[in-house]
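Asks: I'm passing along model.csv; it holds CSV, C-alpha atoms (C1' of nucleotides).
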chain,number,residue,atom,x,y,z
A,1,MET,CA,8.8,-16.6,10.2
A,2,THR,CA,11.7,-17.8,8.1
A,3,LYS,CA,14.8,-15.8,7.7
A,4,ALA,CA,14.1,-14.9,4.1
A,5,LYS,CA,10.7,-13.6,4.8
A,6,GLU,CA,12.1,-11.5,7.6
A,7,ARG,CA,14.8,-10.1,5.4
A,8,ILE,CA,12.1,-9.2,2.8
A,9,LEU,CA,10.0,-7.4,5.3
A,10,ASP,CA,13.0,-5.6,6.8
A,11,THR,CA,14.2,-4.4,3.4
A,12,ALA,CA,10.8,-3.4,2.1
A,13,SER,CA,10.0,-1.6,5.3
A,14,ARG,CA,13.2,0.4,5.1
A,15,LEU,CA,12.7,1.3,1.4
A,16,PHE,CA,9.0,2.0,1.6
A,17,HIS,CA,9.6,4.3,4.5
A,18,GLN,CA,12.6,6.0,3.1
A,19,GLN,CA,11.6,6.6,-0.5
A,20,GLY,CA,7.9,5.8,-0.7
A,21,TYR,CA,5.8,2.9,-1.9
A,22,ASN,CA,5.5,3.8,-5.6
A,23,SER,CA,9.2,4.8,-5.9
A,24,THR,CA,10.3,1.4,-4.6
A,25,GLY,CA,10.4,-1.4,-7.1
A,26,ILE,CA,10.2,-5.1,-6.4
A,27,ASN,CA,13.6,-5.6,-8.1
A,28,GLU,CA,15.1,-3.1,-5.7
A,29,ILE,CA,13.7,-5.0,-2.7
A,30,ILE,CA,15.0,-8.4,-3.8
A,31,ALA,CA,18.4,-7.0,-4.7
A,32,GLU,CA,18.9,-5.3,-1.3
A,33,ALA,CA,17.4,-8.2,0.6
A,34,ASN,CA,19.5,-10.7,-1.3
A,35,ILE,CA,16.7,-13.1,-2.1
A,36,ALA,CA,15.2,-14.5,-5.3
A,37,LYS,CA,12.2,-12.9,-6.8
A,38,SER,CA,10.3,-16.2,-6.6
A,39,THR,CA,11.0,-16.3,-2.9
A,40,LEU,CA,9.3,-13.0,-2.5
A,41,TYR,CA,6.2,-14.0,-4.4
A,42,GLN,CA,6.1,-17.2,-2.4
A,43,HIS,CA,5.6,-15.2,0.8
A,44,PHE,CA,3.6,-12.3,-0.6
A,45,ALA,CA,1.0,-12.6,-3.3
A,46,SER,CA,1.6,-9.1,-4.7
A,47,LYS,CA,3.3,-5.8,-4.0
A,48,ASP,CA,0.1,-4.6,-2.4
A,49,GLN,CA,0.1,-7.5,0.0
A,50,LEU,CA,3.7,-6.8,0.9
A,51,CYS,CA,2.6,-3.2,1.6
A,52,ILE,CA,-0.1,-4.4,3.9
A,53,ALA,CA,2.3,-6.7,5.7
A,54,PHE,CA,4.7,-3.8,6.1
A,55,LEU,CA,2.0,-1.5,7.5
A,56,GLU,CA,0.8,-4.2,10.0
A,57,ARG,CA,4.2,-4.9,11.3
A,58,ARG,CA,5.1,-1.2,11.5
A,59,HIS,CA,1.9,-0.7,13.5
A,60,GLU,CA,3.0,-3.2,16.1
A,61,GLN,CA,6.6,-2.0,16.3
A,62,TRP,CA,5.6,1.7,16.3
A,63,PHE,CA,3.1,1.2,19.2
A,64,THR,CA,5.6,-0.9,21.2
A,65,GLN,CA,8.1,1.9,21.0
A,66,LEU,CA,5.6,4.6,21.8
A,67,ARG,CA,4.3,2.7,24.8
A,68,ALA,CA,7.9,2.3,26.0
A,69,VAL,CA,8.6,6.0,25.9
A,70,VAL,CA,5.2,7.0,27.4
A,71,GLU,CA,5.0,4.4,30.1
A,72,ALA,CA,8.5,5.1,31.4
A,73,LYS,CA,7.0,8.3,32.8
A,74,GLU,CA,4.6,8.5,35.7
A,75,ARG,CA,0.9,8.7,34.9
A,76,GLY,CA,-0.5,12.2,34.2
A,77,GLN,CA,0.8,15.2,32.4
A,78,SER,CA,4.3,13.9,31.9
A,79,GLN,CA,3.0,11.0,30.0
A,80,LEU,CA,1.2,13.3,27.6
A,81,LEU,CA,4.3,15.3,27.1
A,82,ALA,CA,6.3,12.2,26.4
A,83,LEU,CA,4.2,11.6,23.3
A,84,PHE,CA,6.1,14.5,21.8
A,85,ASP,CA,9.4,13.3,23.0
A,86,PHE,CA,8.6,10.1,21.1
A,87,VAL,CA,8.0,12.1,17.9
A,88,MET,CA,11.4,13.8,18.3
A,89,GLN,CA,13.1,10.5,18.8
A,90,MET,CA,11.6,9.0,15.7
A,91,ASN,CA,12.4,12.1,13.7
A,92,GLU,CA,16.1,11.7,14.5
A,93,LYS,CA,16.1,7.9,14.0
A,94,GLU,CA,14.3,8.1,10.7
A,95,GLN,CA,15.6,11.4,9.3
A,96,TYR,CA,12.2,13.2,9.4
A,97,ARG,CA,10.4,10.8,7.0
A,98,GLY,CA,7.2,11.4,8.9
A,99,CYS,CA,4.4,8.9,9.3
A,100,SER,CA,4.5,5.8,7.0
A,101,PHE,CA,0.8,5.5,7.2
A,102,LEU,CA,0.0,9.1,6.1
A,103,ASN,CA,2.8,8.9,3.4
A,104,ILE,CA,1.2,5.8,1.8
A,105,LEU,CA,-2.2,7.4,2.2
A,106,SER,CA,-1.0,10.2,-0.1
A,107,GLU,CA,0.3,7.7,-2.7
A,108,ILE,CA,-2.7,5.4,-3.2
A,109,SER,CA,-5.8,6.1,-5.2
A,110,VAL,CA,-8.5,5.3,-2.7
A,111,GLN,CA,-11.1,3.5,-4.8
A,112,ASN,CA,-9.0,0.5,-5.6
A,113,GLN,CA,-7.0,0.3,-2.4
A,114,SER,CA,-9.6,0.1,0.3
A,115,ALA,CA,-7.7,-2.8,2.0
A,116,ILE,CA,-4.7,-0.5,2.5
A,117,LEU,CA,-6.8,2.4,3.5
A,118,GLN,CA,-8.4,0.3,6.2
A,119,VAL,CA,-5.1,-0.6,7.8
A,120,ILE,CA,-4.1,3.1,7.8
A,121,GLN,CA,-7.4,4.2,9.3
A,122,GLN,CA,-7.1,1.5,12.0
A,123,HIS,CA,-3.7,2.7,12.9
A,124,LYS,CA,-4.8,6.2,13.5
A,125,THR,CA,-7.9,5.1,15.3
A,126,ASP,CA,-5.8,3.0,17.7
A,127,LEU,CA,-3.5,6.0,18.2
A,128,GLN,CA,-6.4,8.2,19.0
A,129,ASN,CA,-7.7,5.7,21.5
A,130,TYR,CA,-4.3,5.3,23.1
A,131,ILE,CA,-4.0,9.0,23.6
A,132,LYS,CA,-7.5,8.9,25.2
A,133,SER,CA,-6.3,6.2,27.6
A,134,VAL,CA,-3.2,8.2,28.5
A,135,THR,CA,-5.3,11.3,29.1
A,136,GLN,CA,-7.9,9.4,31.0
A,137,GLU,CA,-8.1,10.8,34.5
A,138,THR,CA,-6.3,14.1,34.0
A,139,HIS,CA,-8.1,16.1,31.3
A,140,ALA,CA,-10.3,13.6,29.4
A,141,HIS,CA,-11.9,16.3,27.2
A,142,LEU,CA,-8.4,17.2,25.8
A,143,ALA,CA,-7.6,13.8,24.3
A,144,ASP,CA,-8.8,14.6,20.7
A,145,HIS,CA,-7.2,18.0,20.9
A,146,ILE,CA,-3.9,16.5,21.8
A,147,TYR,CA,-4.3,13.8,19.1
A,148,PHE,CA,-4.7,16.5,16.4
A,149,LEU,CA,-1.7,18.3,17.6
A,150,PHE,CA,0.3,15.1,17.7
A,151,GLU,CA,-0.5,14.6,14.0
A,152,SER,CA,0.6,18.1,13.2
A,153,ALA,CA,3.8,17.6,15.1
A,154,ILE,CA,4.8,14.7,12.9
A,155,ILE,CA,3.8,16.4,9.6
A,156,GLU,CA,5.3,19.8,10.3
A,157,SER,CA,8.6,18.4,11.4
A,158,GLN,CA,8.7,16.2,8.3
A,159,LEU,CA,7.9,19.2,6.1
A,160,TYR,CA,10.7,21.5,7.6
A,161,ARG,CA,13.1,18.7,8.5
A,162,GLU,CA,13.5,20.0,12.0
A,163,GLN,CA,12.3,19.6,15.6
A,164,ALA,CA,11.1,23.1,16.0
A,165,PRO,CA,7.5,22.4,15.3
A,166,VAL,CA,7.4,19.6,17.8
A,167,LEU,CA,8.8,21.9,20.5
A,168,LYS,CA,6.3,24.6,19.6
A,169,ILE,CA,3.5,22.1,19.9
A,170,LYS,CA,4.8,20.6,23.1
A,171,ASN,CA,4.6,24.1,24.6
A,172,ILE,CA,1.1,24.5,23.4
A,173,VAL,CA,0.1,21.3,25.0
A,174,THR,CA,1.8,22.3,28.2
A,175,SER,CA,-0.3,25.4,28.3
A,176,LEU,CA,-3.4,23.3,27.9
A,177,LEU,CA,-2.8,21.1,30.9
B,178,MET,CA,-0.2,31.6,-21.8
B,179,THR,CA,-1.2,29.7,-24.9
B,180,LYS,CA,-4.2,27.5,-24.9
B,181,ALA,CA,-2.1,24.3,-25.1
B,182,LYS,CA,0.0,25.2,-22.2
B,183,GLU,CA,-3.1,25.9,-20.2
B,184,ARG,CA,-4.7,22.6,-21.1
B,185,ILE,CA,-1.5,20.8,-20.1
B,186,LEU,CA,-1.5,22.5,-16.7
B,187,ASP,CA,-5.2,22.0,-16.2
B,188,THR,CA,-5.0,18.3,-16.9
B,189,ALA,CA,-1.8,17.7,-15.0
B,190,SER,CA,-3.2,19.5,-12.0
B,191,ARG,CA,-6.3,17.4,-12.0
B,192,LEU,CA,-4.4,14.1,-12.4
B,193,PHE,CA,-1.6,15.0,-9.9
B,194,HIS,CA,-4.2,16.0,-7.4
B,195,GLN,CA,-6.5,13.1,-7.9
B,196,GLN,CA,-4.1,10.2,-8.2
B,197,GLY,CA,-0.8,11.5,-7.1
B,198,TYR,CA,2.4,12.6,-8.9
B,199,ASN,CA,4.2,9.2,-9.3
B,200,SER,CA,1.0,7.5,-10.4
B,201,THR,CA,0.4,9.9,-13.2
B,202,GLY,CA,2.3,9.3,-16.4
B,203,ILE,CA,3.2,11.9,-19.0
B,204,ASN,CA,1.4,9.8,-21.6
B,205,GLU,CA,-1.8,10.0,-19.6
B,206,ILE,CA,-1.5,13.7,-19.3
B,207,ILE,CA,-1.0,14.3,-23.1
B,208,ALA,CA,-3.8,11.9,-23.9
B,209,GLU,CA,-6.3,13.6,-21.6
B,210,ALA,CA,-5.1,17.1,-22.6
B,211,ASN,CA,-5.3,16.2,-26.3
B,212,ILE,CA,-1.8,17.6,-27.1
B,213,ALA,CA,1.3,16.1,-28.7
B,214,LYS,CA,4.1,15.0,-26.4
B,215,SER,CA,6.5,17.4,-28.2
B,216,THR,CA,4.2,20.3,-27.2
B,217,LEU,CA,4.4,19.3,-23.6
B,218,TYR,CA,8.2,19.2,-23.6
B,219,GLN,CA,8.3,22.5,-25.4
B,220,HIS,CA,6.5,24.1,-22.5
B,221,PHE,CA,8.0,22.1,-19.6
B,222,ALA,CA,11.6,20.8,-19.6
B,223,SER,CA,10.7,17.7,-17.5
B,224,LYS,CA,8.0,16.1,-15.4
B,225,ASP,CA,9.6,17.7,-12.3
B,226,GLN,CA,9.3,21.1,-13.8
B,227,LEU,CA,5.7,20.4,-14.7
B,228,CYS,CA,5.2,19.5,-11.0
B,229,ILE,CA,6.7,22.7,-9.9
B,230,ALA,CA,4.5,24.7,-12.3
B,231,PHE,CA,1.5,22.8,-11.0
B,232,LEU,CA,2.3,23.6,-7.3
B,233,GLU,CA,3.0,27.2,-8.0
B,234,ARG,CA,-0.3,27.7,-9.8
B,235,ARG,CA,-2.2,25.8,-7.2
B,236,HIS,CA,-0.6,27.9,-4.6
B,237,GLU,CA,-2.1,31.0,-6.2
B,238,GLN,CA,-5.5,29.6,-6.8
B,239,TRP,CA,-5.8,28.0,-3.4
B,240,PHE,CA,-5.0,31.2,-1.6
B,241,THR,CA,-7.3,33.2,-3.8
B,242,GLN,CA,-10.2,30.9,-2.8
B,243,LEU,CA,-9.1,30.8,0.9
B,244,ARG,CA,-9.1,34.6,1.0
B,245,ALA,CA,-12.4,34.8,-0.6
B,246,VAL,CA,-14.0,32.6,2.0
B,247,VAL,CA,-12.3,34.2,5.0
B,248,GLU,CA,-12.6,37.9,3.9
B,249,ALA,CA,-16.3,37.5,3.3
B,250,LYS,CA,-16.7,37.4,7.1
B,251,GLU,CA,-16.1,40.3,9.4
B,252,ARG,CA,-12.7,40.6,11.0
B,253,GLY,CA,-12.3,38.7,14.2
B,254,GLN,CA,-13.3,35.3,15.4
B,255,SER,CA,-15.7,34.6,12.5
B,256,GLN,CA,-12.8,34.9,10.1
B,257,LEU,CA,-10.8,32.3,12.1
B,258,LEU,CA,-13.7,29.9,12.0
B,259,ALA,CA,-14.1,30.5,8.3
B,260,LEU,CA,-10.7,28.8,7.8
B,261,PHE,CA,-12.4,25.6,8.6
B,262,ASP,CA,-15.4,26.2,6.4
B,263,PHE,CA,-13.0,26.5,3.6
B,264,VAL,CA,-11.5,23.1,4.4
B,265,MET,CA,-14.9,21.6,4.3
B,266,GLN,CA,-15.7,23.3,1.0
B,267,MET,CA,-12.5,21.9,-0.6
B,268,ASN,CA,-13.2,18.5,0.8
B,269,GLU,CA,-16.5,18.4,-1.0
B,270,LYS,CA,-15.2,19.9,-4.2
B,271,GLU,CA,-12.2,17.6,-4.4
B,272,GLN,CA,-13.5,14.4,-2.8
B,273,TYR,CA,-11.2,14.5,0.3
B,274,ARG,CA,-8.0,14.4,-1.6
B,275,GLY,CA,-6.3,16.5,1.1
B,276,CYS,CA,-3.4,18.9,0.5
B,277,SER,CA,-1.6,18.6,-2.8
B,278,PHE,CA,1.6,20.0,-1.2
B,279,LEU,CA,1.6,17.4,1.6
B,280,ASN,CA,0.7,14.6,-0.7
B,281,ILE,CA,3.6,15.4,-3.0
B,282,LEU,CA,5.9,15.8,0.0
B,283,SER,CA,5.1,12.2,0.9
B,284,GLU,CA,6.0,11.1,-2.6
B,285,ILE,CA,9.4,12.7,-3.2
B,286,SER,CA,12.7,11.5,-1.9
B,287,VAL,CA,14.0,14.7,-0.4
B,288,GLN,CA,17.7,14.7,-1.3
B,289,ASN,CA,17.2,15.0,-5.0
B,290,GLN,CA,14.1,17.1,-5.0
B,291,SER,CA,14.9,20.2,-3.0
B,292,ALA,CA,13.4,22.5,-5.6
B,293,ILE,CA,10.0,20.9,-5.1
B,294,LEU,CA,10.5,20.8,-1.4
B,295,GLN,CA,11.1,24.5,-1.3
B,296,VAL,CA,7.8,25.3,-3.1
B,297,ILE,CA,6.0,23.1,-0.6
B,298,GLN,CA,7.7,24.7,2.4
B,299,GLN,CA,7.0,28.2,1.0
B,300,HIS,CA,3.3,27.4,0.6
B,301,LYS,CA,3.0,26.3,4.2
B,302,THR,CA,5.0,29.2,5.5
B,303,ASP,CA,2.7,31.6,3.6
B,304,LEU,CA,-0.3,29.8,5.1
B,305,GLN,CA,1.1,30.2,8.6
B,306,ASN,CA,1.7,33.9,8.0
B,307,TYR,CA,-1.8,34.3,6.6
B,308,ILE,CA,-3.3,32.8,9.6
B,309,LYS,CA,-1.2,35.1,11.7
B,310,SER,CA,-2.5,38.1,9.8
B,311,VAL,CA,-6.1,36.9,10.3
B,312,THR,CA,-5.6,36.4,14.0
B,313,GLN,CA,-3.7,39.7,14.4
B,314,GLU,CA,-5.7,41.8,16.9
B,315,THR,CA,-7.8,39.1,18.4
B,316,HIS,CA,-5.6,36.4,19.9
B,317,ALA,CA,-2.2,36.8,18.4
B,318,HIS,CA,-0.6,34.1,20.5
B,319,LEU,CA,-3.0,31.5,19.1
B,320,ALA,CA,-2.0,31.9,15.5
B,321,ASP,CA,0.4,28.9,15.4
B,322,HIS,CA,-1.9,26.8,17.5
B,323,ILE,CA,-4.7,27.4,14.9
B,324,TYR,CA,-2.4,26.7,12.1
B,325,PHE,CA,-1.5,23.3,13.5
B,326,LEU,CA,-5.1,22.4,14.0
B,327,PHE,CA,-5.8,23.6,10.4
B,328,GLU,CA,-3.3,21.1,9.1
B,329,SER,CA,-4.8,18.4,11.1
B,330,ALA,CA,-8.2,19.2,9.9
B,331,ILE,CA,-7.1,18.7,6.3
B,332,ILE,CA,-5.3,15.5,7.0
B,333,GLU,CA,-7.8,13.8,9.2
B,334,SER,CA,-10.7,14.4,6.9
B,335,GLN,CA,-8.6,13.1,4.0
B,336,LEU,CA,-7.9,10.0,6.1
B,337,TYR,CA,-11.4,9.2,7.1
B,338,ARG,CA,-13.1,10.7,4.0
B,339,GLU,CA,-15.5,12.7,6.1
B,340,GLN,CA,-16.1,16.2,7.6
B,341,ALA,CA,-16.3,15.0,11.2
B,342,PRO,CA,-12.7,15.8,12.1
B,343,VAL,CA,-13.1,19.4,10.7
B,344,LEU,CA,-16.2,19.9,12.8
B,345,LYS,CA,-14.4,18.6,15.9
B,346,ILE,CA,-11.5,20.9,15.3
B,347,LYS,CA,-13.8,23.8,14.6
B,348,ASN,CA,-15.3,23.2,18.0
B,349,ILE,CA,-11.9,23.1,19.7
B,350,VAL,CA,-10.9,26.4,18.0
B,351,THR,CA,-14.1,27.9,19.2
B,352,SER,CA,-13.3,26.9,22.7
B,353,LEU,CA,-9.9,28.6,22.4
B,354,LEU,CA,-11.3,32.0,21.4
C,355,DA,C1',21.4,-41.1,4.3
C,356,DA,C1',16.8,-40.0,2.3
C,357,DT,C1',13.0,-37.0,1.8
C,358,DA,C1',10.6,-32.7,1.8
C,359,DA,C1',10.5,-27.8,2.1
C,360,DA,C1',12.6,-23.6,1.1
C,361,DA,C1',15.3,-20.7,-1.5
C,362,DC,C1',18.0,-20.2,-5.5
C,363,DA,C1',19.2,-18.0,-10.5
C,364,DG,C1',17.7,-16.3,-14.4
C,365,DA,C1',15.0,-15.8,-18.4
C,366,DC,C1',10.6,-14.1,-19.9
C,367,DA,C1',6.2,-11.7,-20.6
C,368,DA,C1',3.8,-7.6,-21.6
C,369,DG,C1',3.5,-3.3,-20.5
C,370,DT,C1',4.8,1.5,-18.8
C,371,DC,C1',8.2,5.1,-17.9
C,372,DA,C1',10.3,9.8,-19.2
C,373,DG,C1',12.2,11.9,-22.8
C,374,DT,C1',14.1,12.7,-27.9
C,375,DA,C1',13.8,13.3,-32.9
C,376,DC,C1',11.9,14.8,-37.2
C,377,DG,C1',9.2,16.1,-40.6
C,378,DA,C1',4.5,17.6,-41.6
C,379,DT,C1',0.7,20.6,-40.7
C,380,DT,C1',-1.7,24.1,-38.6
C,381,DT,C1',-2.3,28.5,-36.5
C,382,DT,C1',-1.0,33.2,-35.7
C,383,DA,C1',0.8,37.8,-36.8
C,384,DC,C1',2.2,41.3,-39.8
D,385,DG,C1',-0.3,36.5,-48.7
D,386,DT,C1',3.8,35.4,-46.6
D,387,DA,C1',6.7,34.3,-42.9
D,388,DA,C1',7.2,32.7,-38.2
D,389,DA,C1',5.7,30.2,-34.5
D,390,DA,C1',3.1,26.7,-32.5
D,391,DT,C1',1.4,22.3,-32.6
D,392,DC,C1',0.9,17.9,-34.6
D,393,DG,C1',1.7,12.7,-35.2
D,394,DT,C1',4.5,9.1,-34.7
D,395,DA,C1',8.2,6.3,-34.1
D,396,DC,C1',11.9,5.4,-31.2
D,397,DT,C1',15.3,4.7,-27.2
D,398,DG,C1',16.6,2.5,-23.2
D,399,DA,C1',15.4,1.6,-18.9
D,400,DC,C1',12.2,0.1,-15.7
D,401,DT,C1',7.6,-2.1,-14.0
D,402,DT,C1',5.1,-6.3,-11.7
D,403,DG,C1',4.6,-10.8,-12.0
D,404,DT,C1',5.3,-15.9,-14.0
D,405,DC,C1',7.8,-19.8,-15.1
D,406,DT,C1',11.4,-23.6,-15.2
D,407,DG,C1',14.6,-26.0,-13.2
D,408,DT,C1',18.5,-26.3,-9.7
D,409,DT,C1',20.6,-26.1,-5.2
D,410,DT,C1',20.5,-25.6,-0.4
D,411,DT,C1',18.6,-26.5,4.2
D,412,DA,C1',16.2,-29.0,7.8
D,413,DT,C1',13.9,-33.1,9.5
D,414,DT,C1',13.6,-37.8,10.2
Just dump the structure as structure tokens.

Replies:
Amino acid sequence: MTKAKERILDTASRLFHQQGYNSTGINEIIAEANIAKSTLYQHFASKDQLCIAFLERRHEQWFTQLRAVVEAKERGQSQLLALFDFVMQMNEKEQYRGCSFLNILSEISVQNQSAILQVIQQHKTDLQNYIKSVTQETHAHLADHIYFLFESAIIESQLYREQAPVLKIKNIVTSLL
Amino acid sequence: MTKAKERILDTASRLFHQQGYNSTGINEIIAEANIAKSTLYQHFASKDQLCIAFLERRHEQWFTQLRAVVEAKERGQSQLLALFDFVMQMNEKEQYRGCSFLNILSEISVQNQSAILQVIQQHKTDLQNYIKSVTQETHAHLADHIYFLFESAIIESQLYREQAPVLKIKNIVTSLL
DNA sequence: AATAAAACAGACAAGTCAGTACGATTTTAC
DNA sequence: GTAAAATCGTACTGACTTGTCTGTTTTATT
């Protein structure tokens, strides 16, 4: 990946995540990334395609970070609880902007945007499977339950701009184990 | 409320909910509501104010419908399970568009929109309290837990456009009671 | 040093955005 | 029937939208 393309993706990622997809204009992206508009359209066919590239890269990076936090702990309950430490870490790092995937899900009208929808669904399915794999030998039947609470933890802390809901949910999960 | 104002709110509500706040233009609203633009701005100072009016009215109507579904059941566990029947009902009626409040939360950049944020937070706080009141004598300590699962039920069914997650969560809740 | 690829600046299209202004017309109330 | 209030139509502002196009300059490779 050339430097320009990387700068475009970095900037678009930051802006899409911070202020939303529809509220971020192409002109804003090229201005902040310090590239020419033609350069952007040489790398990405449209704003939609840029969005998909953003989501796909975020998917990779997000999971890499999640795995790092979870797999630093020993297998078992502490790994499950680490899921929520990760949420708190991301809340701080990204000022409670929540989940990029769910945020964009709220912005798109589904009928025309099934390519984007597919990327979002895949991300969440992968997350659900990852939680299953972490839960594996301990309390297999709880995996979905913990996934649902994980989703709530992200959303409720985005809504109230505080870690309290995550802590509440972490306590609930503890009581389930 | 005059008929024009009502028509504006009806149309704006439908469009905001179906296609999102930022994707819905004032011109689209006045065209579909069959009113003059000056009439809209006589009733609502700005698009933001129209958004707040929309959320406040939806808050009322949404709770009225929720209460109707829940309080048709006898007090106790069946009322708690009815919460999720309500989610399924809304999913069908509104084609899995999820929660208007969370959708708009994803669209706004928080620093400038604290008035809107406040309405959204109030809605969720009221919901949390309502679930507490329904849970009251049966399993008081579970109220928050059920609230978090309720939120997930809405979001996951919006994401996958199907009732399956609600049914899964309803089963989880059953196992908790 | 020559060639090819990448990025550059900037103008342009064609449309949409929220919001204002103003005079004309209709509806409502007394 | 008259007066007041509501609504109407329409044009307009000024800024912003995504995307295209032309031609120039920079960068990297050989």

Asks: Please report, as a tab-separated table, each residue of region 216-240 of chain B lying at most 12 Å from region 389-393 of chain D, together with the nearest pair of atoms and the separation in Å rounded to one decimal; use only C-alpha atoms (C1' of nucleotides), and order rows by chain and ascending residue number.

Replies:
residue	atom	partner	partner_atom	distance
B:Thr216	CA	D:DT391	C1'	6.4
B:Leu217	CA	D:DT391	C1'	9.9
B:Tyr218	CA	D:DT391	C1'	11.7
B:Gln219	CA	D:DA390	C1'	9.8
B:His220	CA	D:DA390	C1'	10.9

Asks: Taking all atoms listed in the file into account, report as a count of residues only which residues of chain B lie within 6 Å of chain A.

Replies: 8

Asks: What are the residues of chain B that have an atom within 9 Å of an atom of chain D, counting only C-alpha atoms (C1' of nucleotides), as a list in words?

Replies: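 Filtering chain B at 9 Å from chain D with only C-alpha atoms (C1' of nucleotides) gives Ala181, Ile212, Ala213, Ser215 and Thr216 of chain B.
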
Asks: Quick one, how far is CA of Ser310 (chain B) from CA of Arg252 (chain B)?

Replies: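 Between CA of Ser310 (chain B) and CA of Arg252 (chain B) the gap works out to 10.6 Å.
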
Asks: Could the residues of chain C within 10 Å of chain B, counting all atoms listed in the file, be given as a VMD selection string, please?

Replies: chain C and resid 370 to 375

Asks: Taking all atoms listed in the file into account, which of B:Gln290, B:Asn306, B:Gln340, B:Thr315 comes nearest Leu354 (chain B)?

Replies: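 Of B:Gln290, B:Asn306, B:Gln340, B:Thr315, the one nearest Leu354 (chain B) is B:Thr315, counting all atoms listed in the file.
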
Asks: Out of B:Ala189, B:Leu353, B:Ala208, B:Val311, which residue has the shortest atom-to-atom distance to Glu248 (chain B) when counting all atoms listed in the file?

Replies: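 Using all atoms listed in the file, Glu248 (chain B) sits closest to B:Val311.
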
Asks: For a test of reading the model, state the distance in Å between C1' of DA361 (chain C) and CA of Ile8 (chain A), rounded to one decimal.

Replies: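 Going from C1' of DA361 (chain C) over to CA of Ile8 (chain A) covers 12.7 Å.
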
Asks: Take CA of Ile229 (chain B) and CA of Val166 (chain A) and report the distance between them in Å, one decimal.

Replies: 27.9 Å

Asks: Could you rebuild region 129-140 of chain A with N, CA, C and O atoms and give it back as a PDB file, keeping the file's coordinate frame?

Replies:
ATOM      1  N   ASN A 129      -7.213   6.340  20.317  1.00  0.00           N
ATOM      2  CA  ASN A 129      -7.700   5.700  21.500  1.00  0.00           C
ATOM      3  C   ASN A 129      -6.578   5.567  22.580  1.00  0.00           C
ATOM      4  O   ASN A 129      -6.833   5.683  23.781  1.00  0.00           O
ATOM      5  N   TYR A 130      -5.369   5.349  22.106  1.00  0.00           N
ATOM      6  CA  TYR A 130      -4.300   5.300  23.100  1.00  0.00           C
ATOM      7  C   TYR A 130      -4.073   6.600  23.784  1.00  0.00           C
ATOM      8  O   TYR A 130      -3.887   6.642  25.010  1.00  0.00           O
ATOM      9  N   ILE A 131      -4.135   7.670  23.026  1.00  0.00           N
ATOM     10  CA  ILE A 131      -4.000   9.000  23.600  1.00  0.00           C
ATOM     11  C   ILE A 131      -5.142   9.226  24.625  1.00  0.00           C
ATOM     12  O   ILE A 131      -4.935   9.785  25.708  1.00  0.00           O
ATOM     13  N   LYS A 132      -6.327   8.795  24.253  1.00  0.00           N
ATOM     14  CA  LYS A 132      -7.500   8.900  25.200  1.00  0.00           C
ATOM     15  C   LYS A 132      -7.123   8.145  26.489  1.00  0.00           C
ATOM     16  O   LYS A 132      -7.385   8.645  27.584  1.00  0.00           O
ATOM     17  N   SER A 133      -6.539   6.958  26.363  1.00  0.00           N
ATOM     18  CA  SER A 133      -6.300   6.200  27.600  1.00  0.00           C
ATOM     19  C   SER A 133      -5.170   6.802  28.415  1.00  0.00           C
ATOM     20  O   SER A 133      -5.175   6.673  29.634  1.00  0.00           O
ATOM     21  N   VAL A 134      -4.243   7.475  27.781  1.00  0.00           N
ATOM     22  CA  VAL A 134      -3.200   8.200  28.500  1.00  0.00           C
ATOM     23  C   VAL A 134      -3.750   9.390  29.227  1.00  0.00           C
ATOM     24  O   VAL A 134      -3.354   9.746  30.334  1.00  0.00           O
ATOM     25  N   THR A 135      -4.691  10.026  28.569  1.00  0.00           N
ATOM     26  CA  THR A 135      -5.300  11.300  29.100  1.00  0.00           C
ATOM     27  C   THR A 135      -6.263  10.981  30.224  1.00  0.00           C
ATOM     28  O   THR A 135      -6.511  11.826  31.078  1.00  0.00           O
ATOM     29  N   GLN A 136      -6.795   9.798  30.207  1.00  0.00           N
ATOM     30  CA  GLN A 136      -7.900   9.400  31.000  1.00  0.00           C
ATOM     31  C   GLN A 136      -8.343  10.263  32.186  1.00  0.00           C
ATOM     32  O   GLN A 136      -9.291  11.029  32.078  1.00  0.00           O
ATOM     33  N   GLU A 137      -7.582  10.177  33.270  1.00  0.00           N
ATOM     34  CA  GLU A 137      -8.100  10.800  34.500  1.00  0.00           C
ATOM     35  C   GLU A 137      -7.701  12.273  34.634  1.00  0.00           C
ATOM     36  O   GLU A 137      -8.170  12.958  35.516  1.00  0.00           O
ATOM     37  N   THR A 138      -6.808  12.702  33.791  1.00  0.00           N
ATOM     38  CA  THR A 138      -6.300  14.100  34.000  1.00  0.00           C
ATOM     39  C   THR A 138      -7.193  15.093  33.303  1.00  0.00           C
ATOM     40  O   THR A 138      -7.795  15.928  33.969  1.00  0.00           O
ATOM     41  N   HIS A 139      -7.278  15.040  31.982  1.00  0.00           N
ATOM     42  CA  HIS A 139      -8.100  16.100  31.300  1.00  0.00           C
ATOM     43  C   HIS A 139      -8.792  15.404  30.108  1.00  0.00           C
ATOM     44  O   HIS A 139      -8.534  15.718  28.941  1.00  0.00           O
ATOM     45  N   ALA A 140      -9.703  14.514  30.425  1.00  0.00           N
ATOM     46  CA  ALA A 140     -10.300  13.600  29.400  1.00  0.00           C
ATOM     47  C   ALA A 140     -10.768  14.384  28.155  1.00  0.00           C
ATOM     48  O   ALA A 140     -10.617  13.883  27.046  1.00  0.00           O
TER      49      ALA A 140
END
